[in-house]
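In what follows, a single structure is set out as structure tokens and then discussed.
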Number of protein chains: 2
Amino acid sequence: MPAAPDTPGRRPRVVVVGCGFGGLEATRALHDAPVDITLVDRTNHHLFQPLLYQVATAGLSAPAIAAPVRHLFRKQSNVTTLLGEVSSIDAQQRLVHLTDEESLPYDHLIVAAGATHSYFGHDEWATAAPGLKTLDDAFEIRRRVLLAFETAEKKADPAQRAEWLTFVVIGGGLTGVEMAGTLAEIARHTLPGEFRRIDPASARVLLVEGSPRVLQAMPEDLSARAAQQLARLGVEVRTDARVTAIDARGLQVQPAEGDPYHIPARCIVWAAGVAASPLGRQLATATGAQVDRAGRIAVEPDLTLPGHPEISVIGDLAAARSFVPGKEPAPVPGVSPAAKQMGRTAAANLRQRLAGKPTQPFRYRDYGNLATIGRNAGVVDLTTPLGRLKFSGYPAWLFWLFAHIWFLIGFRNRIVVLFDWATAYWSHERYARVVTDIEPAPIDG
Amino acid sequence: MPAAPDTPGRRPRVVVVGCGFGGLEATRALHDAPVDITLVDRTNHHLFQPLLYQVATAGLSAPAIAAPVRHLFRKQSNVTTLLGEVSSIDAQQRLVHLTDEESLPYDHLIVAAGATHSYFGHDEWATAAPGLKTLDDAFEIRRRVLLAFETAEKKADPAQRAEWLTFVVIGGGLTGVEMAGTLAEIARHTLPGEFRRIDPASARVLLVEGSPRVLQAMPEDLSARAAQQLARLGVEVRTDARVTAIDARGLQVQPAEGDPYHIPARCIVWAAGVAASPLGRQLATATGAQVDRAGRIAVEPDLTLPGHPEISVIGDLAAARSFVPGKEPAPVPGVSPAAKQMGRTAAANLRQRLAGKPTQPFRYRDYGNLATIGRNAGVVDLTTPLGRLKFSGYPAWLFWLFAHIWFLIGFRNRIVVLFDWATAYWSHERYARVVTDIEPAPIDG
């Protein structure tokens, strides 16, 4: 028996799953809607993912980029925040089941469960090459990076030292480029002078990308600029290089031309693949919707599911298209501005539906792309009302910095991050160099 | 065969074990000594332990109170920092063995391995009532405190809710008093308004102490003031109450008079007992030194071991006495100023020995005690050249605040902590409310 439809006397119940950029924005956009919202997430914080690599590289502390969700919505009285993990969605009964056996009934559902990293069928690589999606991932990578230098300092054998001082980032997208640039900064500028037996500046940082260029979402000339800026920092950029095996001692690479080769390395970071949350497939099975190869759910133009206008899917979980009058529908990229825009559209369409009015198709407004490459360098590609604007180098770095500060959630965090960056800029020091757990010790040999 | 004595042409090798207050201060005090120092610690940071309870209660981020040791000594060229855990000390061969099978030869050894918490023979209580000594301990307590409120919000049954909203701190010393006060602050001032089903202000915070009063190191009148201030914050102070059992659902208490009773509680913090590092017993066995009941090593007046003038033991690991001319030797308390003073004395005596001069007995200078009790309250007992100075309330809180800021290691951290406290003071918000790991989920039932 389906749940009762919206009835007078009871406000419609909205459940929002996930408080990333999409879920957060949808919930905010419903702030004055006559609904009762339950926002459920398996963590207690909204994570500002564009800066997660800075936690992984000891530049920021975790709380600087994580805002408690409950606190963000304390004044939005139509929101109840729950900490919980969704196990499945029953689209017939209109129930969201949690792993602790609680169930949340809904009249309207917004699913914004996001994405995780994908090893393209090689999940066994996860141990040797952790990805970067959560704070725990960032702590693990930070631990490995810092311990690699510590271990190298203890090794007498030059070959072993070299292994511990080789850092490989797999994947030349935004995260990979920013990680590799920052690792090179740490080796060249933060750590020298602190070790007695090794020279941290002798560390190698490699960026391995399977396609012909880094930052594929950018125009070709900016990709080339980014590669130049990485090389200037000392990052060895290997494009057209496909990874075929990874273990605790290194990785196997198959270049587009020539023989495969092995890179001995103790610290490997995975920044290559993204897959939608497993909740996507469950929901697709429950509703008859289609999923694509990355596990994303194909949605209607208004972001709802076929035959289920009460369910919207947004953010990285949605295979959405953008509808611009007079143009072909275009696929929407998996970036945070798109997730936020989908959140606003889903909320607006929910209001339309409550009012008995027709919904609107989603339209993605692409404001451009930006990346930072270490210190004082970056690339920016903006779409402005006056046309396209591309620039790189120092101005791009400055622009990146203020754009990220601007979009950080919560006034306090902005100040903290700005302060952290200002002191780091002058001192070259990285603030959050904390390893709490040296067990399990790095594998020796 | 013992290691070669100090020979011309080779600088004496000094190994310092532990970089808490004692080890750090000893190493610093040797900054211009003609020796080669190896400082070994199992973490990469010096932890400012007096503020650790603030990490456990989400008021500060971990990096704010943890300074990377390697960075602190980057300019002291006679120091090599190593990350490693000491497994044993061979006093005959003069070798410090590490768990990773490296061994460090020494001519002079300073052991400052510190203390851990002790459950007085009830190690099985550790799971239900974690103690607070390391950053990982603090994260675990923070996780439990924040998850307790989250879980209460999800429980419909009033008895279950009450269990999750009961916080018990065991031990009325400095850490216990500061923890209990802060927990009451969080319940009364930080969280109200953020929950929809529970009232966080209805949470109970109990402080259970076996002896007749809290803050035993303080004069009786200040103990009484502290108890009053705790009561005003809403903390239920139970003195003369001995804990006889602890499990995941609560604890059993035996009052000095009357029948034993049970307190149902889901979040229990252990702040009662301290025991010296296990390295103490190993070292005592290796050198024939005595250990006391708490596992501390009895040292000579100059802080060296009997028959081993090349080994000094300082800080919480040492059962040291203070020698003041014309007075009886007095035991030295296990507080950070004492550890720092011992570090300086051990370094000075090492220089005397290098110069072939006699060593000096340790003299502890007690500058007094201070504690903060939530917000705007505290107690201070100072020993000044002009006599004893006692005060409480708001002035004591302010004094505490600036004293802690002053002693924080590293200019940058001071600014960060001051900023965190200033914003927290005005907003009542606690900054570091991050739970990264909700698995293993709190035990249900």
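Here, A, B, ... name the chains of the structure tokens in the order displayed, residue numbers run from 1 inside each chain, and ligands are numbered from 1 in the same displayed order.
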Proximity of chain B to chain A: per-residue shortest pair, 9 Å limit, only C-alpha atoms, as CSV:
```
residue,atom,partner,partner_atom,distance
B:Arg42,CA,A:Ile438,CA,7.4
B:Thr43,CA,A:Thr436,CA,6.5
B:Asn44,CA,A:Val435,CA,6.2
B:His45,CA,A:Val434,CA,6.5
B:Leu60,CA,A:Pro63,CA,8.8
B:Ser61,CA,A:Pro63,CA,6.5
B:Ala62,CA,A:Ser61,CA,7.6
B:Pro63,CA,A:Ala432,CA,5.0
B:Ala64,CA,A:Ala432,CA,8.1
B:Ala66,CA,A:Val434,CA,7.0
B:Ala67,CA,A:Arg433,CA,7.8
B:Pro68,CA,A:Arg433,CA,6.2
B:Arg70,CA,A:Glu194,CA,5.8
B:His71,CA,A:Glu194,CA,6.1
B:Leu72,CA,A:Glu194,CA,8.8
B:Phe73,CA,A:Glu194,CA,7.4
B:Arg74,CA,A:Glu194,CA,4.5
B:Lys75,CA,A:Gly193,CA,7.6
B:Ser77,CA,A:Arg196,CA,8.5
B:Val79,CA,A:Arg196,CA,8.3
B:Thr80,CA,A:Arg196,CA,6.1
B:Thr81,CA,A:Phe195,CA,7.6
B:Leu82,CA,A:Glu150,CA,7.2
B:Leu83,CA,A:Glu150,CA,6.4
B:Gly84,CA,A:Ile438,CA,8.7
B:Asp100,CA,A:Asp444,CA,8.7
B:Glu102,CA,A:Lys154,CA,8.5
B:Thr134,CA,A:Thr436,CA,8.1
B:Leu135,CA,A:Thr436,CA,6.4
B:Asp136,CA,A:Thr436,CA,6.2
B:Leu146,CA,A:Asn44,CA,9.0
B:Leu147,CA,A:Leu83,CA,8.6
B:Glu150,CA,A:Leu83,CA,6.4
B:Thr151,CA,A:Leu83,CA,8.0
B:Glu153,CA,A:Leu82,CA,7.7
B:Lys154,CA,A:Leu82,CA,7.4
B:Leu191,CA,A:His71,CA,8.2
B:Pro192,CA,A:Arg74,CA,9.0
B:Gly193,CA,A:Arg74,CA,6.0
B:Glu194,CA,A:Arg74,CA,4.5
B:Phe195,CA,A:Thr80,CA,7.3
B:Arg196,CA,A:Thr80,CA,6.1
B:Arg197,CA,A:Thr80,CA,8.5
B:Arg412,CA,A:Thr423,CA,8.0
B:Asn413,CA,A:Tyr431,CA,8.8
B:Val416,CA,A:Val416,CA,8.2
B:Phe419,CA,A:Val416,CA,8.7
B:Asp420,CA,A:Val416,CA,8.8
B:Thr423,CA,A:Arg412,CA,8.0
B:Glu429,CA,A:His71,CA,8.6
B:Tyr431,CA,A:Pro63,CA,6.8
B:Ala432,CA,A:Pro63,CA,5.0
B:Arg433,CA,A:Pro68,CA,6.2
B:Val434,CA,A:Pro63,CA,6.4
B:Val435,CA,A:Asn44,CA,6.2
B:Thr436,CA,A:Asp136,CA,6.2
B:Asp437,CA,A:Thr43,CA,7.6
B:Ile438,CA,A:Thr43,CA,7.2
B:Ala441,CA,A:Asp100,CA,8.9
B:Asp444,CA,A:Asp100,CA,8.6
```
Shell around Leu52 of chain A at 7 Å using only C-alpha atoms, local window under 4 positions removed, as a PDB file with C-alpha atoms, in the first residue's frame:
```pdb
ATOM      1  CA  PHE A  48      33.926  21.108   1.234  1.00  0.00           C
ATOM      2  CA  ALA A  56      45.474  15.122   2.655  1.00  0.00           C
ATOM      3  CA  ALA A 138      42.434  12.380   3.531  1.00  0.00           C
TER       4      ALA A 138
END
```
Inset, instruction - Mind the document's chain letters and residue numbers, and return as an MDAnalysis selection string the residues of segment 26-212 of chain A that DSSP labels alpha helix (DSSP H). - result: chainID A and resid 26:29 52:56 69:72 135:154 158:164 174:185
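Distance-wise, atom CA of Val214 of chain A and atom CA of Gly393 of chain A end up 16.2 Å apart.
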Polymer residues at most 12 Å from Pro50 of chain B, only C-alpha atoms, same-chain spacing of 2 or more positions, as a PyMOL selection string
chain B and resi 20-21+47-48+52-56+65-66+132-134+174-176+178-179+335-337+370-372+400-401+403-405+407-409
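Of the residues listed (B:Leu206, B:Leu350, B:Met218, B:Val324), B:Leu350 shows the shortest atom-to-atom separation from Leu30 of chain B; distances use only C-alpha atoms.
By chain and then residue number, the residues within 8 Å of Pro395 of chain A are Ala377, Gly378, Phe391 and Phe399 of chain A, counting only C-alpha atoms and disregarding those fewer than 4 positions away in sequence.
All residues of protein, DNA or RNA that reach within 12 Å of segment 121-124 of chain B, judged by only C-alpha atoms and not counting those fewer than 3 positions away in the chain, are His117, Ser118, Thr127, Ala128, Ala129, Pro130, Gly131, Val243, Thr244, Ala245, Ile246, Asp247, Ala248, Trp270, Gly273, Val274, Ala275, Arg293 and Ala294 of chain B.
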**Asked** Closest to Val111 of chain B among B:Thr383, B:Ser211, B:Thr304, B:Gln290, using only C-alpha atoms?
**Response**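 Smallest distance to Val111 of chain B is found for B:Thr304.
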Item checked: Test item: residues at most 9 Å from Tyr106 of chain A, only C-alpha atoms, excluding those fewer than 6 positions along its chain, as a ChimeraX atom specification -> /A:3,12-15,38,93-96
May I ask for the distance between atom CA of Gln229 of chain A and atom CA of Arg204 of chain A, given in Å to one decimal place?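 Atom CA of Gln229 of chain A sits 15.8 Å away from atom CA of Arg204 of chain A.
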